[in-house]
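Text of coords34.cif (mmCIF, C-alpha atoms and all ligand atoms) as supplied:
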data_target
loop_
_atom_site.label_atom_id
_atom_site.label_comp_id
_atom_site.auth_asym_id
_atom_site.auth_seq_id
_atom_site.Cartn_x
_atom_site.Cartn_y
_atom_site.Cartn_z
CA MET L 862 115.10 109.12 56.98
CA LEU L 863 117.05 108.00 60.01
CA THR L 864 118.59 110.13 62.68
CA HIS L 865 121.23 109.10 65.18
CA LEU L 866 121.69 111.04 68.36
CA ALA L 867 124.87 111.97 70.08
CA PRO L 868 124.37 111.68 73.85
CA SER L 869 123.75 114.94 75.67
CA ASN L 870 126.38 115.75 78.29
CA SER L 871 124.24 117.99 80.44
CA HIS L 872 121.53 115.43 81.16
CA LEU L 873 121.87 111.86 82.15
CA TYR L 874 118.66 111.03 80.35
CA GLY L 875 116.06 112.62 78.22
CA PRO L 876 115.41 116.03 76.80
CA PRO L 877 117.76 118.99 77.16
CA PHE L 878 115.60 120.65 79.80
CA ASP L 879 114.21 120.08 83.22
CA SER L 880 110.52 120.12 83.96
CA ASN L 881 110.56 123.85 84.69
CA SER L 882 112.58 125.05 81.76
CA SER L 883 111.45 126.46 78.45
CA MET L 884 111.45 124.37 75.30
CA ASP L 885 112.70 127.23 73.17
CA SER L 886 115.47 125.66 71.15
CA SER L 887 117.15 129.03 70.66
CA SER L 888 118.22 128.94 74.31
CA ASP L 889 119.70 125.49 73.88
CA THR L 890 123.46 125.68 73.95
CA GLU L 891 124.12 122.11 72.88
CA ASP L 892 124.86 122.88 69.28
CA SER L 893 128.19 121.18 69.72
CA ASP L 894 126.50 117.93 68.69
CA SER L 895 128.41 116.64 65.77
CA CYS L 896 126.77 115.90 62.46
CA SER L 897 127.96 112.68 60.97
CA THR L 898 126.81 110.23 58.36
CA SER L 899 126.87 106.51 58.37
CA SER L 900 125.45 103.74 56.26
CA SER L 901 123.60 101.73 58.90
CA SER L 902 119.87 101.15 58.61
CA ILE L 903 116.96 101.10 61.03
CA PHE L 904 115.64 98.15 59.15
CA SER L 905 118.76 96.07 59.55
CA PRO L 906 118.45 93.01 61.81
CA PRO L 907 119.37 93.47 65.46
CA SER L 908 122.54 91.44 65.06
CA SER L 909 123.90 94.43 63.16
CA ALA L 910 122.48 96.87 65.71
CA SER L 911 125.23 96.63 68.25
CA THR L 912 126.10 100.32 68.49
CA SER L 913 124.89 102.58 71.26
CA LYS L 914 123.02 105.02 69.05
CA THR L 915 119.51 106.38 68.77
CA SER L 916 117.63 106.37 65.52
CA TYR L 917 114.43 108.06 64.49
CA VAL L 918 111.98 105.95 62.57
CA PRO L 919 109.82 108.04 60.29
CA SER L 920 106.08 107.95 60.89
CA ALA L 921 105.46 107.49 57.16
CA ARG L 922 107.46 104.34 56.65
CA SER L 923 109.21 103.56 53.43
CA ALA L 924 109.18 99.96 52.25
CA SER L 925 112.88 100.09 51.61
CA PRO L 926 115.57 101.15 54.06
CA VAL L 927 116.94 104.66 53.75
CA PRO L 928 120.65 104.54 54.38
CA SER L 929 121.60 108.00 55.60
CA VAL L 930 122.23 108.56 59.32
CA TRP L 931 123.28 111.69 61.18
CA SER L 932 123.67 112.89 64.74
CA LEU L 933 120.89 114.84 66.40
CA THR L 934 121.26 118.59 66.56
CA SER L 935 119.72 120.71 69.28
CA SER L 936 116.90 121.79 67.00
CA MET L 937 116.12 118.17 66.15
CA ARG L 938 116.15 117.36 69.85
CA ALA L 939 113.80 120.27 70.50
CA GLN L 940 111.49 118.81 67.86
CA ALA L 941 111.27 115.57 69.82
CA PHE L 942 109.76 117.26 72.88
CA LYS L 943 107.11 119.79 73.65
CA HIS L 944 106.35 121.75 76.78
CA GLU L 945 102.78 121.53 78.07
CA TYR L 946 101.25 122.41 81.41
CA GLY L 947 104.67 122.86 82.97
CA ARG L 948 106.09 119.51 81.85
CA GLY L 949 108.14 118.19 78.93
CA LEU L 950 106.24 115.70 76.78
CA ASN L 951 106.96 113.69 73.66
CA ASN L 952 106.12 115.55 70.48
CA TYR L 953 105.25 112.41 68.55
CA SER L 954 102.11 110.78 69.93
CA GLU L 955 98.74 112.36 70.64
CA VAL L 956 97.78 109.24 72.59
CA TYR L 957 100.51 109.09 75.25
CA ARG L 958 100.31 112.22 77.42
CA LEU L 959 102.53 111.49 80.41
CA PRO L 960 105.73 113.52 80.61
CA ALA L 961 109.11 112.52 79.23
CA ASP L 962 111.19 115.02 81.21
CA ASP L 963 113.89 114.54 83.81
CA GLU L 964 111.37 114.54 86.66
CA GLU L 965 109.42 111.69 85.03
CA LEU L 966 112.58 109.74 84.22
CA ASP L 967 113.62 110.01 87.88
CA ARG L 968 110.20 108.63 88.84
CA LEU L 969 110.61 105.72 86.42
CA ASP L 970 114.09 104.97 87.77
CA ALA L 971 112.81 104.82 91.36
CA GLN L 972 109.85 102.72 90.21
CA HIS L 973 112.19 100.32 88.43
CA ASN L 974 114.16 99.85 91.68
CA MET L 975 110.92 99.04 93.50
CA PHE L 976 109.91 96.53 90.81
CA MET L 977 113.30 94.83 91.05
CA GLU L 978 112.66 94.21 94.74
CA VAL L 979 109.10 93.01 94.24
CA MET L 980 109.21 91.02 90.99
CA GLY L 981 112.89 90.57 90.28
CA LYS L 982 114.51 91.59 87.03
CA TYR L 983 113.75 88.74 84.66
CA PRO L 984 111.39 85.76 84.34
CA PRO L 985 113.11 82.52 85.45
CA CYS L 986 113.56 81.31 81.84
CA MET L 987 115.50 84.42 80.75
CA GLU L 988 118.92 82.75 81.16
CA GLU L 989 117.82 79.75 79.11
CA VAL L 990 116.37 81.95 76.34
CA MET L 991 119.56 84.01 76.22
CA THR L 992 121.91 81.01 76.15
CA ASP L 993 124.05 81.10 73.05
CA ASP L 994 122.77 77.83 71.56
CA ILE L 995 122.27 78.51 67.86
CA PRO L 996 125.45 78.92 65.83
CA GLY L 997 125.53 82.26 64.04
CA GLU L 998 122.53 83.72 65.88
CA THR L 999 123.12 86.76 68.10
CA LYS L 1000 120.55 86.82 70.87
CA ALA L 1001 118.43 89.95 70.58
CA VAL L 1002 116.17 91.74 73.06
CA LEU L 1003 113.58 94.42 72.32
CA ASP L 1004 112.11 96.80 74.94
CA LEU L 1005 108.93 98.54 73.79
CA GLY L 1006 108.36 101.90 75.50
CA CYS L 1007 111.68 101.80 77.35
CA GLY L 1008 111.27 105.08 79.28
CA SER L 1009 114.54 105.88 81.03
CA GLY L 1010 115.87 102.57 79.76
CA ARG L 1011 116.83 101.08 83.11
CA TRP L 1012 115.58 97.58 82.27
CA ILE L 1013 117.08 97.34 78.79
CA MET L 1014 120.42 98.77 79.97
CA ASP L 1015 120.53 96.01 82.59
CA VAL L 1016 119.86 93.45 79.85
CA ALA L 1017 122.63 94.85 77.66
CA ARG L 1018 125.08 94.67 80.58
CA ASP L 1019 123.94 91.30 81.98
CA PHE L 1020 124.14 89.70 78.51
CA PRO L 1021 127.02 91.57 76.89
CA TYR L 1022 126.98 89.40 73.78
CA CYS L 1023 123.34 90.14 73.01
CA SER L 1024 122.03 92.90 70.80
CA ALA L 1025 119.52 95.15 72.57
CA VAL L 1026 117.06 97.60 71.04
CA ALA L 1027 115.01 100.15 73.01
CA VAL L 1028 112.03 101.84 71.36
CA ASP L 1029 110.26 104.91 72.71
CA LEU L 1030 108.54 108.09 71.59
CA VAL L 1031 111.55 110.08 72.76
CA PRO L 1032 115.27 109.39 72.45
CA MET L 1033 117.09 107.59 75.21
CA GLN L 1034 120.16 109.58 76.05
CA SER L 1035 121.90 107.91 78.93
CA ILE L 1036 125.61 108.62 78.93
CA TYR L 1037 125.93 105.07 80.28
CA MET L 1038 124.46 103.45 77.14
CA PRO L 1039 126.14 100.04 76.78
CA PRO L 1040 127.74 99.53 73.36
CA ASN L 1041 125.38 96.68 72.48
CA LEU L 1042 122.25 98.82 73.00
CA ARG L 1043 120.58 100.91 70.33
CA SER L 1044 117.67 103.24 70.97
CA GLU L 1045 115.02 103.97 68.37
CA VAL L 1046 112.42 106.73 68.39
CA ASP L 1047 109.19 105.36 67.03
CA ASP L 1048 105.47 105.04 67.73
CA ILE L 1049 104.77 101.36 68.15
CA ASN L 1050 101.14 102.00 67.15
CA LEU L 1051 102.48 102.18 63.60
CA GLY L 1052 103.35 98.50 63.64
CA LEU L 1053 106.38 96.31 64.21
CA GLU L 1054 106.66 94.61 60.83
CA HIS L 1055 110.24 95.85 60.41
CA PHE L 1056 111.22 93.71 63.45
CA TYR L 1057 109.50 90.46 62.44
CA GLY L 1058 111.57 87.37 63.21
CA ASP L 1059 114.43 89.33 64.77
CA PHE L 1060 114.17 88.98 68.57
CA ASN L 1061 114.49 86.33 71.29
CA VAL L 1062 112.91 88.48 74.00
CA VAL L 1063 110.30 91.23 73.79
CA HIS L 1064 109.61 93.23 76.94
CA ALA L 1065 106.93 95.87 77.57
CA ARG L 1066 106.16 97.48 80.91
CA LEU L 1067 103.43 100.01 81.68
CA ILE L 1068 102.89 101.27 78.16
CA SER L 1069 99.14 100.57 77.75
CA SER L 1070 98.06 104.22 77.97
CA GLY L 1071 100.09 104.92 74.81
CA VAL L 1072 98.97 101.84 72.86
CA LYS L 1073 95.80 101.99 70.81
CA ASP L 1074 95.34 98.27 70.16
CA TYR L 1075 97.15 96.15 72.72
CA GLU L 1076 95.78 92.83 71.47
CA GLY L 1077 97.11 93.80 68.03
CA LEU L 1078 100.44 94.61 69.67
CA ILE L 1079 100.56 91.11 71.18
CA ASN L 1080 100.02 89.71 67.72
CA HIS L 1081 102.90 91.84 66.41
CA ILE L 1082 105.09 90.59 69.26
CA SER L 1083 104.25 87.00 68.30
CA MET L 1084 105.68 87.78 64.85
CA VAL L 1085 108.68 89.72 66.16
CA LEU L 1086 109.77 86.78 68.33
CA ARG L 1087 111.93 83.99 67.05
CA PRO L 1088 110.84 80.39 67.82
CA ALA L 1089 110.91 79.68 71.61
CA GLY L 1090 111.27 83.42 72.23
CA LEU L 1091 110.05 85.08 75.42
CA ILE L 1092 107.30 87.70 75.78
CA ASP L 1093 107.54 89.53 79.13
CA ILE L 1094 104.85 92.09 79.96
CA MET L 1095 103.64 94.09 82.94
CA GLU L 1096 100.64 96.39 82.86
CA PHE L 1097 98.54 98.47 85.25
CA ASP L 1098 94.80 99.08 84.86
CA PHE L 1099 94.56 102.68 86.14
CA CYS L 1100 92.36 101.51 89.03
CA ILE L 1101 92.73 101.37 92.81
CA TYR L 1102 91.72 98.30 94.86
CA ASP L 1103 90.55 97.88 98.44
CA GLU L 1104 92.22 95.71 101.07
CA ASN L 1105 90.25 92.69 99.84
CA HIS L 1106 91.57 93.17 96.31
CA GLN L 1107 88.21 94.44 95.08
CA ARG L 1108 88.28 97.24 92.55
CA ILE L 1109 87.05 100.54 94.03
CA GLU L 1110 84.48 101.72 91.50
CA VAL L 1111 84.07 105.50 91.54
CA GLU L 1112 82.35 107.89 89.19
CA THR L 1113 83.84 110.94 87.55
CA SER L 1114 80.53 112.79 87.96
CA LYS L 1115 81.37 113.40 91.62
CA ILE L 1116 84.25 115.20 93.32
CA ALA L 1117 84.57 113.53 96.69
CA GLU L 1118 86.36 110.84 98.67
CA PRO L 1119 87.93 108.37 98.13
CA TRP L 1120 90.42 110.73 96.53
CA LEU L 1121 93.12 108.53 95.07
CA PRO L 1122 90.57 106.15 93.47
CA ARG L 1123 88.74 109.24 92.19
CA TRP L 1124 91.91 110.81 90.74
CA MET L 1125 92.73 107.49 89.10
CA ALA L 1126 89.24 107.25 87.60
CA PHE L 1127 89.78 110.64 85.95
CA ALA L 1128 93.23 109.58 84.68
CA ASN L 1129 91.74 106.32 83.39
CA LEU L 1130 89.02 108.19 81.51
CA ALA L 1131 91.44 110.77 80.11
CA ALA L 1132 93.86 108.11 78.83
CA ARG L 1133 90.97 106.11 77.38
CA ASN L 1134 89.57 109.18 75.62
CA ARG L 1135 92.96 109.78 74.01
CA GLY L 1136 92.82 106.27 72.56
CA GLY L 1137 94.99 104.42 75.09
CA ASP L 1138 94.11 100.76 75.71
CA VAL L 1139 93.94 101.12 79.49
CA ASP L 1140 92.04 97.84 79.89
CA ALA L 1141 95.01 95.91 78.49
CA ALA L 1142 96.12 94.70 81.95
CA THR L 1143 92.68 93.15 82.51
CA HIS L 1144 92.73 91.20 79.23
CA LEU L 1145 96.42 90.40 78.96
CA GLU L 1146 96.20 86.84 80.25
CA THR L 1147 93.25 85.95 77.98
CA TRP L 1148 94.83 87.51 74.90
CA VAL L 1149 98.14 85.69 75.29
CA THR L 1150 96.61 82.39 76.44
CA ASN L 1151 94.23 82.36 73.47
CA HIS L 1152 96.91 83.31 70.96
CA ALA L 1153 97.97 80.27 68.96
CA ALA L 1154 101.63 81.35 68.84
CA PHE L 1155 102.20 81.20 72.61
CA GLU L 1156 102.62 78.44 75.18
CA ASN L 1157 103.74 78.13 78.81
CA VAL L 1158 101.86 81.26 79.82
CA ILE L 1159 102.66 82.33 83.38
CA TYR L 1160 100.47 85.10 84.78
CA GLU L 1161 100.90 86.75 88.16
CA ASP L 1162 99.21 89.57 90.09
CA PHE L 1163 101.30 91.78 92.34
CA TRP L 1164 99.40 93.84 94.92
CA LEU L 1165 101.35 96.84 96.17
CA PRO L 1166 100.00 98.90 99.06
CA THR L 1167 99.56 102.54 98.07
CA CYS L 1168 101.22 103.67 101.33
CA ASP L 1169 102.69 102.17 104.48
CA TRP L 1170 99.47 100.73 105.91
CA ARG L 1171 100.64 97.08 105.79
CA SER L 1172 102.14 97.08 109.28
CA ASP L 1173 102.15 93.25 109.31
CA SER L 1174 105.28 93.11 107.19
CA GLU L 1175 108.45 95.19 107.21
CA PHE L 1176 108.87 94.51 103.48
CA MET L 1177 105.31 95.59 102.65
CA MET L 1178 105.73 98.72 104.80
CA ARG L 1179 108.86 99.60 102.84
CA MET L 1180 107.23 98.86 99.48
CA GLY L 1181 104.24 100.91 100.61
CA ILE L 1182 106.50 103.89 101.18
CA SER L 1183 108.11 103.42 97.74
CA MET L 1184 104.69 103.08 96.11
CA ARG L 1185 103.37 106.13 97.95
CA ASP L 1186 106.30 108.22 96.72
CA ASP L 1187 105.81 106.86 93.21
CA ILE L 1188 102.11 107.77 93.26
CA LEU L 1189 102.83 111.23 94.67
CA ALA L 1190 105.11 111.83 91.68
CA PHE L 1191 102.56 110.20 89.36
CA LEU L 1192 99.88 112.64 90.55
CA LYS L 1193 102.11 115.41 89.21
CA SER L 1194 102.93 113.49 86.02
CA GLY L 1195 99.22 113.11 85.32
CA ARG L 1196 98.59 116.87 85.15
CA PRO L 1197 99.15 117.21 81.38
CA LEU L 1198 96.87 114.21 80.79
CA LEU L 1199 94.09 115.55 83.02
CA LEU L 1200 94.38 119.19 81.96
CA SER L 1201 94.46 118.33 78.26
CA SER L 1202 91.31 116.23 78.78
CA GLY L 1203 89.45 119.48 79.44
CA LEU L 1204 89.27 119.39 83.25
CA PRO L 1205 89.55 122.87 84.78
CA GLU L 1206 92.81 123.53 86.58
CA ASP L 1207 91.18 124.18 89.96
CA LEU L 1208 89.44 120.79 89.77
CA VAL L 1209 92.70 119.03 88.88
CA ASN L 1210 94.39 120.85 91.78
CA GLU L 1211 91.65 119.78 94.18
CA LEU L 1212 91.77 116.13 93.11
CA GLU L 1213 95.55 116.08 93.24
CA ALA L 1214 95.90 117.80 96.64
CA ASN L 1215 93.27 115.59 98.25
CA ALA L 1216 94.74 112.40 96.78
CA ALA L 1217 98.19 113.42 98.04
CA ARG L 1218 96.78 114.19 101.49
CA GLU L 1219 94.95 110.85 101.56
CA LEU L 1220 98.16 109.02 100.70
CA GLN L 1221 100.29 110.82 103.25
CA PHE L 1222 97.96 111.17 106.23
CA THR L 1223 94.87 108.98 105.99
CA LYS L 1224 96.78 105.79 105.22
CA ALA L 1225 93.79 104.36 103.35
CA ARG L 1226 94.07 100.59 102.97
CA HIS L 1227 94.37 100.60 99.22
CA TYR L 1228 96.32 98.59 96.68
CA VAL L 1229 97.67 99.07 93.18
CA ARG L 1230 97.49 95.92 91.06
CA LEU L 1231 100.32 95.11 88.68
CA GLN L 1232 99.56 92.36 86.20
CA CYS L 1233 102.57 90.46 84.91
CA LEU L 1234 102.81 87.79 82.28
CA HIS L 1235 105.48 85.90 80.49
CA ALA L 1236 105.15 83.17 77.87
CA ARG L 1237 107.15 81.43 75.18
CA LYS L 1238 106.58 81.44 71.48
CA ARG L 1239 105.97 77.93 70.16
CA ARG L 1240 108.78 76.45 68.14
CA ASN L 1241 106.50 75.82 65.17
C1 LIG L 1301 105.08 104.71 82.11
S1 LIG L 1301 106.45 104.74 81.02
C2 LIG L 1301 107.22 103.16 81.37
C3 LIG L 1301 108.64 103.12 80.89
C4 LIG L 1301 109.36 101.80 81.09
N1 LIG L 1301 108.74 100.74 80.31
C5 LIG L 1301 109.39 101.44 82.54
O1 LIG L 1301 108.70 100.50 82.96
O2 LIG L 1301 110.13 102.10 83.29
C6 LIG L 1301 105.74 104.43 79.43
C7 LIG L 1301 106.73 104.62 78.31
O3 LIG L 1301 106.16 104.08 77.13
C8 LIG L 1301 106.40 104.97 76.07
N2 LIG L 1301 105.34 104.80 75.09
C9 LIG L 1301 104.01 104.92 75.30
N3 LIG L 1301 103.33 104.72 74.16
C10 LIG L 1301 104.25 104.46 73.20
C11 LIG L 1301 104.16 104.21 71.81
N4 LIG L 1301 102.97 104.18 71.19
N5 LIG L 1301 105.29 103.98 71.13
C12 LIG L 1301 106.49 104.02 71.75
N6 LIG L 1301 106.64 104.27 73.08
C13 LIG L 1301 105.53 104.49 73.80
C14 LIG L 1301 106.37 106.35 76.71
O4 LIG L 1301 107.01 107.33 75.94
C15 LIG L 1301 107.03 106.08 78.04
O5 LIG L 1301 108.43 106.26 77.98
#

Take the structure I supplied and represent it as structure tokens, if you would.
Ligand SMILES: C[S@@+](CC[C@H](N)C(=O)[O-])C[C@H]1O[C@@H](n2cnc3c(N)ncnc32)[C@H](O)[C@@H]1O
Amino acid sequence: MLTHLAPSNSHLYGPPFDSNSSMDSSSDTEDSDSCSTSSSSIFSPPSSASTSKTSYVPSARSASPVPSVWSLTSSMRAQAFKHEYGRGLNNYSEVYRLPADDEELDRLDAQHNMFMEVMGKYPPCMEEVMTDDIPGETKAVLDLGCGSGRWIMDVARDFPYCSAVAVDLVPMQSIYMPPNLRSEVDDINLGLEHFYGDFNVVHARLISSGVKDYEGLINHISMVLRPAGLIDIMEFDFCIYDENHQRIEVETSKIAEPWLPRWMAFANLAARNRGGDVDAATHLETWVTNHAAFENVIYEDFWLPTCDWRSDSEFMMRMGISMRDDILAFLKSGRPLLLSSGLPEDLVNELEANAARELQFTKARHYVRLQCLHARKRRN
């Protein structure tokens, strides 16, 4: 069964609520969503996926495509989200427990802007991969765990003749969806077989806490890519590093300084206990390098100061401020993850308040490490 969503008018992105509102669908006034049918299929190749729609992929997959398609109603939209610990979360995965509400999408948008300044938008070979060089083949790009969709919307606009597909646990609802972008609601832990052989580029950024078997995901990506296709990944290891780039090892049996490393250790443990592959960043380079399907592996570490302590560089100071603001928002985003892990609320409050204070006033000389990799699929 496949569901297409009509974009919501009241929200630029995401669910029909803000992070403080109730999830009661009876108070939702967006019943004006039209119901329509169409004959397109979620299993059709991306070259036929050039409409700006969102589809739901069923968790129990059928071997054969189911042709019916209809717009999302408010009750269906309410089904996609749940309200927990004051935030709106996806209602699909028990593994991924960060919010999917407007507040989180704003954080992801700001984070995307920071990444664009630090890493740039695409790997250098993106233009070459996207060059229209094979007669009859529409270039196709897949974003796994697209979040607010900022990256994949850029792709769809920068390469208007490509076909772009964004997958996430919640529907993407930007009113600025380019016509060549389709969003799909799906849990990528269920496999990507329905995409095999269909894409020239596969991108994934910061999704490890929702992925159960990241090495298995890399294998799926190797099958999803066409020959000479590009895999482009960035992950974070849920750890904090000192000024010498050494990991700050802290225990969760103690509640004490250093606070941000301590908070992160709790978040790391909580995500791990839910089944998230939080060590993926650490193993990414080995997994892709050792995979027979890939060549030309380029791996890079990016070290971002957690606040504006890098006074040696105006750029690093500015990135430190962006990172600090991102982490301050992330401390709030992590509440459902920490609280659902069984930590008492007063402990979560203490960790969060102290980590925020450390970031804003102590200017501890800490780094976040972002691990980026791109590689090409061999031609044969
Ligand atoms: C931290 S956000 C990053 C979003 C986006 N990639 C970015 O960099 O801005 C992680 C996203 O991955 C999605 N996600 C996590 N696990 C997923 C899964 N198993 N299947 C589909 N999407 C997933 C989440 O819903 C969330 O939108």

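Minimum atom-to-atom distances from L:Ile1188, L:Val979, L:Ala1025, L:Ile1082 to Glu1219 in chain L were compared using only C-alpha atoms, and the lowest value belongs to L:Ile1188.
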
Check your understanding: Which residues form the shell of 9 Å around ligand LIG 1301 (chain L) when you count only C-alpha atoms and all ligand atoms, given as a ChimeraX atom specification?
Key -> /L:950-951,953-954,956-961,965-966,968-973,976,1004-1012,1028-1031,1046-1051,1064-1073,1095,1137

Point to revise | d(CA of Val1002 in chain L, CA of Val1062 in chain L) in Å | key: 4.7 Å

Practice item. Please return, as JSON, numbers by chain, all polymer residues that have at least one atom within 12 Å of the point (95.8, 86.6, 76.6); use all atoms listed in the file and the file's own coordinate frame. Key: {"L": [1075, 1076, 1077, 1078, 1079, 1080, 1083, 1092, 1094, 1141, 1142, 1143, 1144, 1145, 1146, 1147, 1148, 1149, 1150, 1151, 1152, 1153, 1154, 1155, 1156, 1157, 1158, 1159, 1160, 1232, 1233, 1234, 1235, 1236]}

Exercise for review: Would you list the contacts of Ala1190 in chain L as a count of residues only, taking every protein, DNA or RNA residue within 9 Å and counting all atoms listed in the file, but skipping same-chain residues closer than 4 positions in sequence?
Suggested key: 7

Check your understanding: Mind pulling up the distance from CA of Asn1105 in chain L to CA of Asn1134 in chain L?
Key -> 29.3 Å

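CA of Met975 in chain L sits 25.8 Å away from CA of Asn1061 in chain L.
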
Exercise for review: Extract, using only C-alpha atoms, all DNA, RNA and protein residues at most 12 Å from Thr1223 in chain L, discarding same-chain residues fewer than 2 positions from it, and format them as a PyMOL selection string.
Suggested key: chain L and resi 1118-1121+1167-1170+1215-1221+1225-1227

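Using all atoms listed in the file, the shortest contact distance between Glu1206 in chain L and any of L:Tyr1022, L:Ala1001, L:Gly1052, L:Tyr946 is found at L:Tyr946.
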
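Distances from L:Glu998, L:Phe1020, L:Met1033, L:Met1125 to Ala941 in chain L were compared using all atoms listed in the file, and the smallest one belongs to L:Met1033.
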
Practice item. Go through L:Val1229, L:Met991, L:Tyr1057, L:Leu1198 one by one, measure the shortest atom-to-atom distance of each to Ile1109 in chain L using only C-alpha atoms, and give the residue with the smallest value. Key: L:Val1229

**Study point:** Which of L:Thr915, L:Phe1191, L:Ala1132, L:Ser1183 sits closest to Ser1044 in chain L [using all atoms listed in the file]
**Key:** L:Thr915

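Distances to Pro985 in chain L were evaluated for L:Phe1222, L:Leu1042, L:Asp1093, L:Leu1204 using all atoms listed in the file, and the minimum falls at L:Asp1093.
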
Around all of range 1086-1105 of chain L's listed atoms, make the axis-aligned box with 5 Å on each side and tell me centre and edge lengths in Å to one decimal, as AutoDock Vina command-line options.
--center_x 101.1 --center_y 91.2 --center_z 84.1 --size_x 31.7 --size_y 33.0 --size_z 44.0

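Neighbouring residues of Trp1124 in chain L at 10 Å or closer, counting only C-alpha atoms and skipping chain neighbours under 6 positions away, are L:Phe1099, L:Cys1100, L:Ile1101, L:Val1111, L:Thr1113, L:Ile1116, L:Ala1117, L:Glu1118, L:Leu1192, L:Gly1195, L:Leu1199, L:Val1209, L:Glu1211, L:Leu1212, L:Glu1213, L:Ala1214, L:Asn1215, L:Ala1216, L:Ala1217.
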